[in-house]
Amino acid sequence: MTQSVTTHATVVRVPFRERFKTPEWLSGYLFISPWIVGFLVFTLGPFIASLYISFTEWDFVKAPEFIGADNYVKLVNDPLFWQSLKVTTVYALGRVPLGIAVGLAAALLLNQKVRFVGLWRVIYYMPVVLPPVAVSLLWMWVYNPDYGILNGMLWTVFGIRGPAWLQNEFWVLPSLMMMAVWGMLGKNMIVYLSGLQSIAPEMYEAADIDGANVWRKFFNITLPMMTPIIFFNLIMGLMDSFKLFTQAYVMTGGGPRYASLFYVYYLYQHAFQRFHMGYASAMAWVFFLILMLFTVLVFRSSKLWVYYESTLGKGK
Amino acid sequence: MMANPSKLMRGLGRGVIYALLALGAFVILIPFAWTLSTALKTPQQALMYPPVWIPEPVVWKNFVDAWNAMPFATFYRNSLLIAGLNIVGQVLSCSLVAYGFARLRFPGRDALFLVVLSTLMIPFQILIIPRFILFKELGWLDSLLPLIVPNFFGGAFNIFLLRQYFMTIPLELDDAAKMDGCGHLGIYWRIILPLAKPALGAVMVFEFLESWDDFLGPLIYISSTKNYTVALGLAAFRNDYFMEWNLFMAATAVAMALPLIIFFIAQKYFIQGVALTGSGGVKG
């Protein structure tokens, strides 16, 4: 840090032209004005509008007609709404913990003194940068039941006939989970790696003196210290899972028999294929409320299992 | 790293670590190899059972055919235009806004910054229908404008990232510049921006990916082929050439090429940037 004594000592008189300068508060508002305009036009306005639209029936042909809470009532009685909610939840419950475990494992491996650290990181990170449409096509080909490489390998190595992954009601969600773990591994790993590298080596040295073995060190030092980052990845993973759209659109079309009817995909069908703007807006609001609820629950639960260094230091 | 009882055990441990790392890399790379292998096959060979790995003969022409089957040059141009303008828009607007929040005092600043952060919680899905209507009213549908213009008004995440970074730059530098008669615009441009290059680099690469990879946006706003982006063109290609897996994989490889090239050139910024968002997000 540089010393500021000299600076302060010399600012005794306000220079002449300083007095005609824009005051600081005005500069502040001017600097943030792009965000204010964007917020009003592209976020707050649409946010309020979408609430209003959710109480109307609107197909773009006729003018919007106010129908009260009818859309919400219809929603509760729509079996496909419940199906899409179920699909999305099951997917998130499978994929998020899997992604966290695999990402953490990769970070632990790369945190050892290994050669070519940069190269490993680059390889693991590669899928993260790919467009989801391209990833979807690539995996459709991997999962192709007759000519795909996955079933090809299962057959040549184990003599097993693999299922028709994406056309199978049971396998479609696990297939999409595996693919997401493949795609997310690099991103999760890097975040964990930065966390692992910020753990003070003294903690391990102290544990060594106490004669702790590798597992004890992992469960008593590494894991607690990583909980803030696990928490971060948990929130991000939940958000990503709930927003899944491209894969459903490109790979499965919601099928087979609605087994991959993801919530946002179902919303999209109503909004932009059938032009049920009111109904889709009601779906969007329910989606928003569910996300809020999940986030609050996760934050609440975090008090029980996320350790911050400050509390650790106090010997809690 | 950690004290192991014997050299043999340590050697064994090393072996396991490398084996696991290699296994992971193998799983990551196989789909890429499979894409490339299929992209170079004849249609007959792409549909052989069991699958073959080495194309025989190697059909380079698949890339040409895929490229010409649809106006991919136009798609690439559109995607590049959108990505380029979005990078400029995000970097300019977010850095200005972040400067305001990080370096200036004004009434309501902290409350407003809280609003910035809370917009991160609003899912895009709740905004798409009103935005669609807004752009329809403006006559912007089926043009690139809906995909570009909003980016000139700052994105919450990038604002947050840049603000966190700006806060780490010593305030004494501002004072020194003020002494030399620099206004806030001058400080922002001459001091903060040059010092924040790593953070700006991260914003640029993230913004590039965000716009290159976007699918839902183009899908909703764009209808005529001449305005398609690469992602949209690829999805359309799938519908038209459903069974021609060799062409299909060639087109996929073409769509993946640019992000991968940029990643290899700028990987430092990617990896730093992710670490930055991770720690920033955790420390709040």
# chains A, B, ... in the order shown; residues from 1 in each chain; ligands from 1
>>> residues_around(residues="Met189 (chain A)", least_positions_apart="3", cutoff="7 Å", atoms="only C-alpha atoms", output="list in words")
Gly103, Leu104, Ala106, Ala107, Leu185, Gly186, Tyr192 and Leu193 of chain A
>>> write_last_selection(atoms="N, CA, C and O atoms", output="PDB file, in the first residue's frame")
ATOM      1  N   GLY A 103     -16.425 -32.499  -9.670  1.00  0.00           N
ATOM      2  CA  GLY A 103     -15.599 -31.296  -9.751  1.00  0.00           C
ATOM      3  C   GLY A 103     -14.603 -31.228  -8.595  1.00  0.00           C
ATOM      4  O   GLY A 103     -13.426 -30.909  -8.792  1.00  0.00           O
ATOM      5  N   LEU A 104     -15.076 -31.573  -7.404  1.00  0.00           N
ATOM      6  CA  LEU A 104     -14.198 -31.528  -6.226  1.00  0.00           C
ATOM      7  C   LEU A 104     -13.098 -32.581  -6.344  1.00  0.00           C
ATOM      8  O   LEU A 104     -11.928 -32.312  -6.045  1.00  0.00           O
ATOM      9  N   ALA A 106     -11.788 -33.788  -9.089  1.00  0.00           N
ATOM     10  CA  ALA A 106     -10.805 -33.342 -10.077  1.00  0.00           C
ATOM     11  C   ALA A 106      -9.904 -32.267  -9.492  1.00  0.00           C
ATOM     12  O   ALA A 106      -8.690 -32.267  -9.706  1.00  0.00           O
ATOM     13  N   ALA A 107     -10.498 -31.354  -8.711  1.00  0.00           N
ATOM     14  CA  ALA A 107      -9.693 -30.286  -8.126  1.00  0.00           C
ATOM     15  C   ALA A 107      -8.691 -30.848  -7.125  1.00  0.00           C
ATOM     16  O   ALA A 107      -7.545 -30.410  -7.069  1.00  0.00           O
ATOM     17  N   LEU A 185     -17.689 -29.968 -15.584  1.00  0.00           N
ATOM     18  CA  LEU A 185     -16.556 -30.383 -14.767  1.00  0.00           C
ATOM     19  C   LEU A 185     -15.492 -29.292 -14.647  1.00  0.00           C
ATOM     20  O   LEU A 185     -15.070 -28.940 -13.552  1.00  0.00           O
ATOM     21  N   GLY A 186     -15.093 -28.745 -15.791  1.00  0.00           N
ATOM     22  CA  GLY A 186     -14.000 -27.777 -15.790  1.00  0.00           C
ATOM     23  C   GLY A 186     -14.305 -26.550 -14.970  1.00  0.00           C
ATOM     24  O   GLY A 186     -13.476 -26.077 -14.194  1.00  0.00           O
ATOM     25  N   TYR A 192     -13.154 -24.735  -7.314  1.00  0.00           N
ATOM     26  CA  TYR A 192     -12.645 -25.481  -6.159  1.00  0.00           C
ATOM     27  C   TYR A 192     -11.140 -25.322  -6.016  1.00  0.00           C
ATOM     28  O   TYR A 192     -10.616 -25.210  -4.914  1.00  0.00           O
ATOM     29  N   LEU A 193     -10.465 -25.352  -7.157  1.00  0.00           N
ATOM     30  CA  LEU A 193      -9.003 -25.282  -7.141  1.00  0.00           C
ATOM     31  C   LEU A 193      -8.546 -23.970  -6.511  1.00  0.00           C
ATOM     32  O   LEU A 193      -7.636 -23.947  -5.687  1.00  0.00           O
TER      33      LEU A 193
END
>>> closest_atom_pairs(of="chain A", to="chain B", cutoff="7 Å", atoms="only C-alpha atoms", output="tab-separated table")
residue	atom	partner	partner_atom	distance
A:Ser4	CA	B:Glu172	CA	6.3
A:Thr7	CA	B:Ala176	CA	6.8
A:Glu24	CA	B:Leu104	CA	6.6
A:Trp25	CA	B:Phe106	CA	4.3
A:Gly28	CA	B:Gly100	CA	5.0
A:Phe31	CA	B:Gly100	CA	5.1
A:Ile32	CA	B:Val97	CA	4.2
A:Pro34	CA	B:Phe153	CA	4.8
A:Trp35	CA	B:Phe153	CA	5.2
A:Gly38	CA	B:Phe153	CA	4.8
A:Phe42	CA	B:Arg131	CA	6.9
A:Thr43	CA	B:Leu127	CA	6.9
A:Pro46	CA	B:Pro130	CA	4.9
A:Phe47	CA	B:Leu127	CA	6.0
A:Ala49	CA	B:Pro130	CA	6.2
A:Ser50	CA	B:Pro130	CA	5.9
A:Leu109	CA	B:Ile17	CA	6.3
A:Gln112	CA	B:Met1	CA	6.9
A:Lys113	CA	B:Met1	CA	6.9
A:Ile123	CA	B:Ala25	CA	6.4
A:Tyr124	CA	B:Ala25	CA	6.5
A:Val129	CA	B:Pro259	CA	6.1
A:Leu130	CA	B:Met256	CA	5.8
A:Pro131	CA	B:Asp213	CA	4.2
A:Pro132	CA	B:Asp213	CA	6.3
A:Val133	CA	B:Ala231	CA	6.0
A:Ala134	CA	B:Thr252	CA	5.3
A:Leu138	CA	B:Thr35	CA	6.4
A:Val142	CA	B:Pro31	CA	6.7
A:Tyr147	CA	B:Leu47	CA	5.8
A:Gly148	CA	B:Pro51	CA	6.9
A:Ile149	CA	B:Pro51	CA	6.4
A:Gly152	CA	B:Pro50	CA	5.6
A:Trp182	CA	B:Ile28	CA	6.6
A:Ile190	CA	B:Ala275	CA	6.1
A:Val191	CA	B:Ala275	CA	5.1
A:Ser194	CA	B:Ala275	CA	5.8
A:Pro228	CA	B:Val282	CA	6.1
A:Ile229	CA	B:Val282	CA	6.3
A:Phe232	CA	B:Val282	CA	6.3
A:Thr246	CA	B:Phe215	CA	6.9
A:Val250	CA	B:Ala235	CA	6.8
A:Ser281	CA	B:Ile126	CA	6.9
A:Ala284	CA	B:Ile126	CA	4.9
A:Trp285	CA	B:Ile126	CA	6.5
A:Phe288	CA	B:Pro123	CA	6.7
>>> closest_residue(among="A:Ile235, A:Val135, A:Ala180, A:Ala248", to="Leu297 (chain A)", atoms="only C-alpha atoms")
A:Ile235
>>> residues_around(residues="Leu80 (chain A)", least_positions_apart="6", cutoff="9 Å", atoms="only C-alpha atoms", output="ChimeraX atom specification")
/A:258,261,266
>>> atom_distance(atom1="CA of Ala164 (chain A)", atom2="CA of Asp146 (chain A)")
8.1 Å
>>> select_by_dssp(residues="region 10-215 of chain A", states="strand (DSSP E)", output="MDAnalysis selection string")
chainID A and resid 56:57 65:66
>>> write_last_selection(atoms="all heavy atoms", output="PDB file, in the first residue's frame")
ATOM      1  N   THR A  56     -53.935 -12.408 -17.579  1.00  0.00           N
ATOM      2  CA  THR A  56     -54.736 -12.168 -18.780  1.00  0.00           C
ATOM      3  C   THR A  56     -54.729 -13.401 -19.672  1.00  0.00           C
ATOM      4  O   THR A  56     -53.941 -14.325 -19.474  1.00  0.00           O
ATOM      5  CB  THR A  56     -54.161 -11.010 -19.620  1.00  0.00           C
ATOM      6  OG1 THR A  56     -52.889 -11.413 -20.124  1.00  0.00           O
ATOM      7  CG2 THR A  56     -54.026  -9.746 -18.818  1.00  0.00           C
ATOM      8  N   GLU A  57     -55.658 -13.363 -20.622  1.00  0.00           N
ATOM      9  CA  GLU A  57     -55.577 -14.341 -21.703  1.00  0.00           C
ATOM     10  C   GLU A  57     -55.180 -13.565 -22.941  1.00  0.00           C
ATOM     11  O   GLU A  57     -55.808 -12.566 -23.295  1.00  0.00           O
ATOM     12  CB  GLU A  57     -56.939 -15.005 -21.899  1.00  0.00           C
ATOM     13  CG  GLU A  57     -56.838 -16.218 -22.797  1.00  0.00           C
ATOM     14  CD  GLU A  57     -58.162 -16.966 -22.851  1.00  0.00           C
ATOM     15  OE1 GLU A  57     -58.611 -17.444 -21.800  1.00  0.00           O
ATOM     16  OE2 GLU A  57     -58.726 -17.034 -23.942  1.00  0.00           O
ATOM     17  N   GLU A  65     -57.027 -10.031 -22.438  1.00  0.00           N
ATOM     18  CA  GLU A  65     -58.273  -9.948 -21.676  1.00  0.00           C
ATOM     19  C   GLU A  65     -57.982 -10.354 -20.237  1.00  0.00           C
ATOM     20  O   GLU A  65     -57.408 -11.419 -19.990  1.00  0.00           O
ATOM     21  CB  GLU A  65     -59.283 -10.912 -22.305  1.00  0.00           C
ATOM     22  CG  GLU A  65     -60.647 -10.888 -21.650  1.00  0.00           C
ATOM     23  CD  GLU A  65     -61.475 -12.102 -22.079  1.00  0.00           C
ATOM     24  OE1 GLU A  65     -61.149 -12.724 -23.114  1.00  0.00           O
ATOM     25  OE2 GLU A  65     -62.429 -12.435 -21.355  1.00  0.00           O
ATOM     26  N   PHE A  66     -58.383  -9.511 -19.295  1.00  0.00           N
ATOM     27  CA  PHE A  66     -58.090  -9.786 -17.886  1.00  0.00           C
ATOM     28  C   PHE A  66     -58.978 -10.921 -17.377  1.00  0.00           C
ATOM     29  O   PHE A  66     -60.189 -10.861 -17.485  1.00  0.00           O
ATOM     30  CB  PHE A  66     -58.322  -8.527 -17.049  1.00  0.00           C
ATOM     31  CG  PHE A  66     -57.796  -8.646 -15.653  1.00  0.00           C
ATOM     32  CD1 PHE A  66     -56.463  -8.351 -15.363  1.00  0.00           C
ATOM     33  CD2 PHE A  66     -58.621  -9.060 -14.618  1.00  0.00           C
ATOM     34  CE1 PHE A  66     -55.964  -8.473 -14.085  1.00  0.00           C
ATOM     35  CE2 PHE A  66     -58.117  -9.186 -13.324  1.00  0.00           C
ATOM     36  CZ  PHE A  66     -56.796  -8.890 -13.058  1.00  0.00           C
TER      37      PHE A  66
END
>>> select_by_dssp(residues="region 85-233 of chain A", states="helix (DSSP H, G or I)", output="VMD selection string")
chain A and resid 85 to 110 117 to 129 132 to 142 149 to 158 165 to 167 172 to 197 201 to 209 214 to 233
>>> atom_distance(atom1="CA of Asn233 (chain A)", atom2="CA of Ala101 (chain A)")
10.7 Å
>>> atom_distance(atom1="CA of Lys62 (chain A)", atom2="CA of Leu138 (chain B)")
19.2 Å
>>> closest_residue(among="A:Pro97, A:Leu234, A:Tyr204, A:Tyr249", to="Val181 (chain A)", atoms="only C-alpha atoms")
A:Pro97
>>> residues_around(residues="Asp59 (chain A)", least_positions_apart="6", cutoff="10 Å", atoms="only C-alpha atoms", output="PDB file with all heavy atoms, in the first residue's frame")
ATOM      1  N   GLU A  65     -57.027 -10.031 -22.438  1.00  0.00           N
ATOM      2  CA  GLU A  65     -58.273  -9.948 -21.676  1.00  0.00           C
ATOM      3  C   GLU A  65     -57.982 -10.354 -20.237  1.00  0.00           C
ATOM      4  O   GLU A  65     -57.408 -11.419 -19.990  1.00  0.00           O
ATOM      5  CB  GLU A  65     -59.283 -10.912 -22.305  1.00  0.00           C
ATOM      6  CG  GLU A  65     -60.647 -10.888 -21.650  1.00  0.00           C
ATOM      7  CD  GLU A  65     -61.475 -12.102 -22.079  1.00  0.00           C
ATOM      8  OE1 GLU A  65     -61.149 -12.724 -23.114  1.00  0.00           O
ATOM      9  OE2 GLU A  65     -62.429 -12.435 -21.355  1.00  0.00           O
ATOM     10  N   ALA A 271     -45.518 -20.355 -24.752  1.00  0.00           N
ATOM     11  CA  ALA A 271     -45.339 -18.954 -25.150  1.00  0.00           C
ATOM     12  C   ALA A 271     -45.150 -18.804 -26.648  1.00  0.00           C
ATOM     13  O   ALA A 271     -45.830 -18.001 -27.287  1.00  0.00           O
ATOM     14  CB  ALA A 271     -44.157 -18.347 -24.397  1.00  0.00           C
ATOM     15  N   ARG A 274     -47.544 -22.026 -29.060  1.00  0.00           N
ATOM     16  CA  ARG A 274     -49.007 -21.950 -29.042  1.00  0.00           C
ATOM     17  C   ARG A 274     -49.500 -20.540 -28.750  1.00  0.00           C
ATOM     18  O   ARG A 274     -50.699 -20.299 -28.749  1.00  0.00           O
ATOM     19  CB  ARG A 274     -49.547 -22.896 -27.966  1.00  0.00           C
ATOM     20  CG  ARG A 274     -49.076 -24.326 -28.161  1.00  0.00           C
ATOM     21  CD  ARG A 274     -49.608 -25.200 -27.042  1.00  0.00           C
ATOM     22  NE  ARG A 274     -48.752 -26.357 -26.861  1.00  0.00           N
ATOM     23  CZ  ARG A 274     -48.786 -27.146 -25.800  1.00  0.00           C
ATOM     24  NH1 ARG A 274     -49.631 -26.889 -24.811  1.00  0.00           N
ATOM     25  NH2 ARG A 274     -47.989 -28.180 -25.715  1.00  0.00           N
ATOM     26  N   PHE A 275     -48.575 -19.639 -28.450  1.00  0.00           N
ATOM     27  CA  PHE A 275     -48.910 -18.239 -28.158  1.00  0.00           C
ATOM     28  C   PHE A 275     -49.930 -18.090 -27.039  1.00  0.00           C
ATOM     29  O   PHE A 275     -50.849 -17.302 -27.123  1.00  0.00           O
ATOM     30  CB  PHE A 275     -49.355 -17.513 -29.431  1.00  0.00           C
ATOM     31  CG  PHE A 275     -48.259 -17.442 -30.441  1.00  0.00           C
ATOM     32  CD1 PHE A 275     -48.235 -18.292 -31.538  1.00  0.00           C
ATOM     33  CD2 PHE A 275     -47.199 -16.563 -30.262  1.00  0.00           C
ATOM     34  CE1 PHE A 275     -47.186 -18.254 -32.448  1.00  0.00           C
ATOM     35  CE2 PHE A 275     -46.158 -16.507 -31.170  1.00  0.00           C
ATOM     36  CZ  PHE A 275     -46.157 -17.362 -32.263  1.00  0.00           C
ATOM     37  N   HIS A 276     -49.739 -18.872 -25.970  1.00  0.00           N
ATOM     38  CA  HIS A 276     -50.521 -18.670 -24.760  1.00  0.00           C
ATOM     39  C   HIS A 276     -49.711 -17.761 -23.847  1.00  0.00           C
ATOM     40  O   HIS A 276     -49.087 -18.214 -22.898  1.00  0.00           O
ATOM     41  CB  HIS A 276     -50.759 -19.996 -24.020  1.00  0.00           C
ATOM     42  CG  HIS A 276     -51.567 -20.966 -24.820  1.00  0.00           C
ATOM     43  ND1 HIS A 276     -51.575 -22.315 -24.551  1.00  0.00           N
ATOM     44  CD2 HIS A 276     -52.407 -20.788 -25.862  1.00  0.00           C
ATOM     45  CE1 HIS A 276     -52.375 -22.936 -25.406  1.00  0.00           C
ATOM     46  NE2 HIS A 276     -52.888 -22.032 -26.212  1.00  0.00           N
ATOM     47  N   MET A 277     -49.697 -16.470 -24.154  1.00  0.00           N
ATOM     48  CA  MET A 277     -48.812 -15.562 -23.430  1.00  0.00           C
ATOM     49  C   MET A 277     -49.173 -15.467 -21.947  1.00  0.00           C
ATOM     50  O   MET A 277     -48.295 -15.402 -21.095  1.00  0.00           O
ATOM     51  CB  MET A 277     -48.849 -14.172 -24.069  1.00  0.00           C
ATOM     52  CG  MET A 277     -48.194 -14.147 -25.425  1.00  0.00           C
ATOM     53  SD  MET A 277     -46.448 -14.603 -25.302  1.00  0.00           S
ATOM     54  CE  MET A 277     -45.972 -14.662 -27.016  1.00  0.00           C
ATOM     55  N   GLY A 278     -50.472 -15.419 -21.655  1.00  0.00           N
ATOM     56  CA  GLY A 278     -50.906 -15.304 -20.264  1.00  0.00           C
ATOM     57  C   GLY A 278     -50.519 -16.542 -19.460  1.00  0.00           C
ATOM     58  O   GLY A 278     -49.927 -16.448 -18.386  1.00  0.00           O
ATOM     59  N   TYR A 279     -50.826 -17.704 -20.014  1.00  0.00           N
ATOM     60  CA  TYR A 279     -50.532 -18.956 -19.333  1.00  0.00           C
ATOM     61  C   TYR A 279     -49.025 -19.107 -19.116  1.00  0.00           C
ATOM     62  O   TYR A 279     -48.580 -19.475 -18.024  1.00  0.00           O
ATOM     63  CB  TYR A 279     -51.065 -20.115 -20.170  1.00  0.00           C
ATOM     64  CG  TYR A 279     -51.132 -21.430 -19.441  1.00  0.00           C
ATOM     65  CD1 TYR A 279     -51.995 -21.598 -18.371  1.00  0.00           C
ATOM     66  CD2 TYR A 279     -50.341 -22.505 -19.833  1.00  0.00           C
ATOM     67  CE1 TYR A 279     -52.070 -22.815 -17.701  1.00  0.00           C
ATOM     68  CE2 TYR A 279     -50.416 -23.718 -19.174  1.00  0.00           C
ATOM     69  CZ  TYR A 279     -51.272 -23.875 -18.109  1.00  0.00           C
ATOM     70  OH  TYR A 279     -51.343 -25.055 -17.446  1.00  0.00           O
TER      71      TYR A 279
END
>>> decode(residues="region 104-154 of chain B", atoms="C-alpha atoms", output="PDB file, in the first residue's frame")
ATOM      1  CA  LEU B 104     -17.976   7.568  -6.078  1.00  0.00           C
ATOM      2  CA  ARG B 105     -20.272   8.493  -3.224  1.00  0.00           C
ATOM      3  CA  PHE B 106     -23.883   9.410  -3.854  1.00  0.00           C
ATOM      4  CA  PRO B 107     -27.128   9.044  -1.942  1.00  0.00           C
ATOM      5  CA  GLY B 108     -28.708   5.625  -2.287  1.00  0.00           C
ATOM      6  CA  ARG B 109     -25.602   4.042  -3.722  1.00  0.00           C
ATOM      7  CA  ASP B 110     -25.551   0.964  -1.540  1.00  0.00           C
ATOM      8  CA  ALA B 111     -29.290   0.390  -1.907  1.00  0.00           C
ATOM      9  CA  LEU B 112     -28.991   0.635  -5.682  1.00  0.00           C
ATOM     10  CA  PHE B 113     -26.099  -1.786  -5.707  1.00  0.00           C
ATOM     11  CA  LEU B 114     -28.253  -4.194  -3.771  1.00  0.00           C
ATOM     12  CA  VAL B 115     -30.829  -3.855  -6.543  1.00  0.00           C
ATOM     13  CA  VAL B 116     -28.110  -4.694  -9.098  1.00  0.00           C
ATOM     14  CA  LEU B 117     -27.301  -7.852  -7.172  1.00  0.00           C
ATOM     15  CA  SER B 118     -30.920  -8.825  -6.695  1.00  0.00           C
ATOM     16  CA  THR B 119     -31.545  -8.677 -10.455  1.00  0.00           C
ATOM     17  CA  LEU B 120     -29.196 -11.659 -10.649  1.00  0.00           C
ATOM     18  CA  MET B 121     -31.956 -13.609  -8.955  1.00  0.00           C
ATOM     19  CA  ILE B 122     -34.550 -12.790 -11.603  1.00  0.00           C
ATOM     20  CA  PRO B 123     -34.549 -15.604 -14.121  1.00  0.00           C
ATOM     21  CA  PHE B 124     -34.424 -14.527 -17.751  1.00  0.00           C
ATOM     22  CA  GLN B 125     -37.498 -16.694 -18.356  1.00  0.00           C
ATOM     23  CA  ILE B 126     -39.746 -14.283 -16.511  1.00  0.00           C
ATOM     24  CA  LEU B 127     -38.643 -11.413 -18.752  1.00  0.00           C
ATOM     25  CA  ILE B 128     -38.730 -13.039 -22.186  1.00  0.00           C
ATOM     26  CA  ILE B 129     -42.419 -12.586 -22.944  1.00  0.00           C
ATOM     27  CA  PRO B 130     -42.614  -8.846 -22.099  1.00  0.00           C
ATOM     28  CA  ARG B 131     -39.277  -8.279 -23.817  1.00  0.00           C
ATOM     29  CA  PHE B 132     -40.546 -10.091 -26.876  1.00  0.00           C
ATOM     30  CA  ILE B 133     -43.574  -7.781 -26.888  1.00  0.00           C
ATOM     31  CA  LEU B 134     -41.361  -4.730 -26.352  1.00  0.00           C
ATOM     32  CA  PHE B 135     -39.148  -5.619 -29.297  1.00  0.00           C
ATOM     33  CA  LYS B 136     -42.222  -6.390 -31.397  1.00  0.00           C
ATOM     34  CA  GLU B 137     -43.588  -2.914 -30.660  1.00  0.00           C
ATOM     35  CA  LEU B 138     -40.235  -1.380 -31.541  1.00  0.00           C
ATOM     36  CA  GLY B 139     -40.254  -3.281 -34.839  1.00  0.00           C
ATOM     37  CA  TRP B 140     -37.004  -5.017 -33.912  1.00  0.00           C
ATOM     38  CA  LEU B 141     -38.181  -8.610 -34.319  1.00  0.00           C
ATOM     39  CA  ASP B 142     -36.276 -10.638 -36.867  1.00  0.00           C
ATOM     40  CA  SER B 143     -33.290  -8.315 -36.625  1.00  0.00           C
ATOM     41  CA  LEU B 144     -30.084  -8.555 -34.617  1.00  0.00           C
ATOM     42  CA  LEU B 145     -31.020  -5.558 -32.459  1.00  0.00           C
ATOM     43  CA  PRO B 146     -32.758  -7.442 -29.594  1.00  0.00           C
ATOM     44  CA  LEU B 147     -29.600  -9.519 -29.223  1.00  0.00           C
ATOM     45  CA  ILE B 148     -27.291  -6.502 -29.150  1.00  0.00           C
ATOM     46  CA  VAL B 149     -28.888  -3.360 -27.722  1.00  0.00           C
ATOM     47  CA  PRO B 150     -29.619  -4.566 -24.145  1.00  0.00           C
ATOM     48  CA  ASN B 151     -25.918  -5.300 -23.716  1.00  0.00           C
ATOM     49  CA  PHE B 152     -25.097  -1.611 -23.908  1.00  0.00           C
ATOM     50  CA  PHE B 153     -26.895  -1.042 -20.605  1.00  0.00           C
ATOM     51  CA  GLY B 154     -24.735  -3.165 -18.362  1.00  0.00           C
TER      52      GLY B 154
END
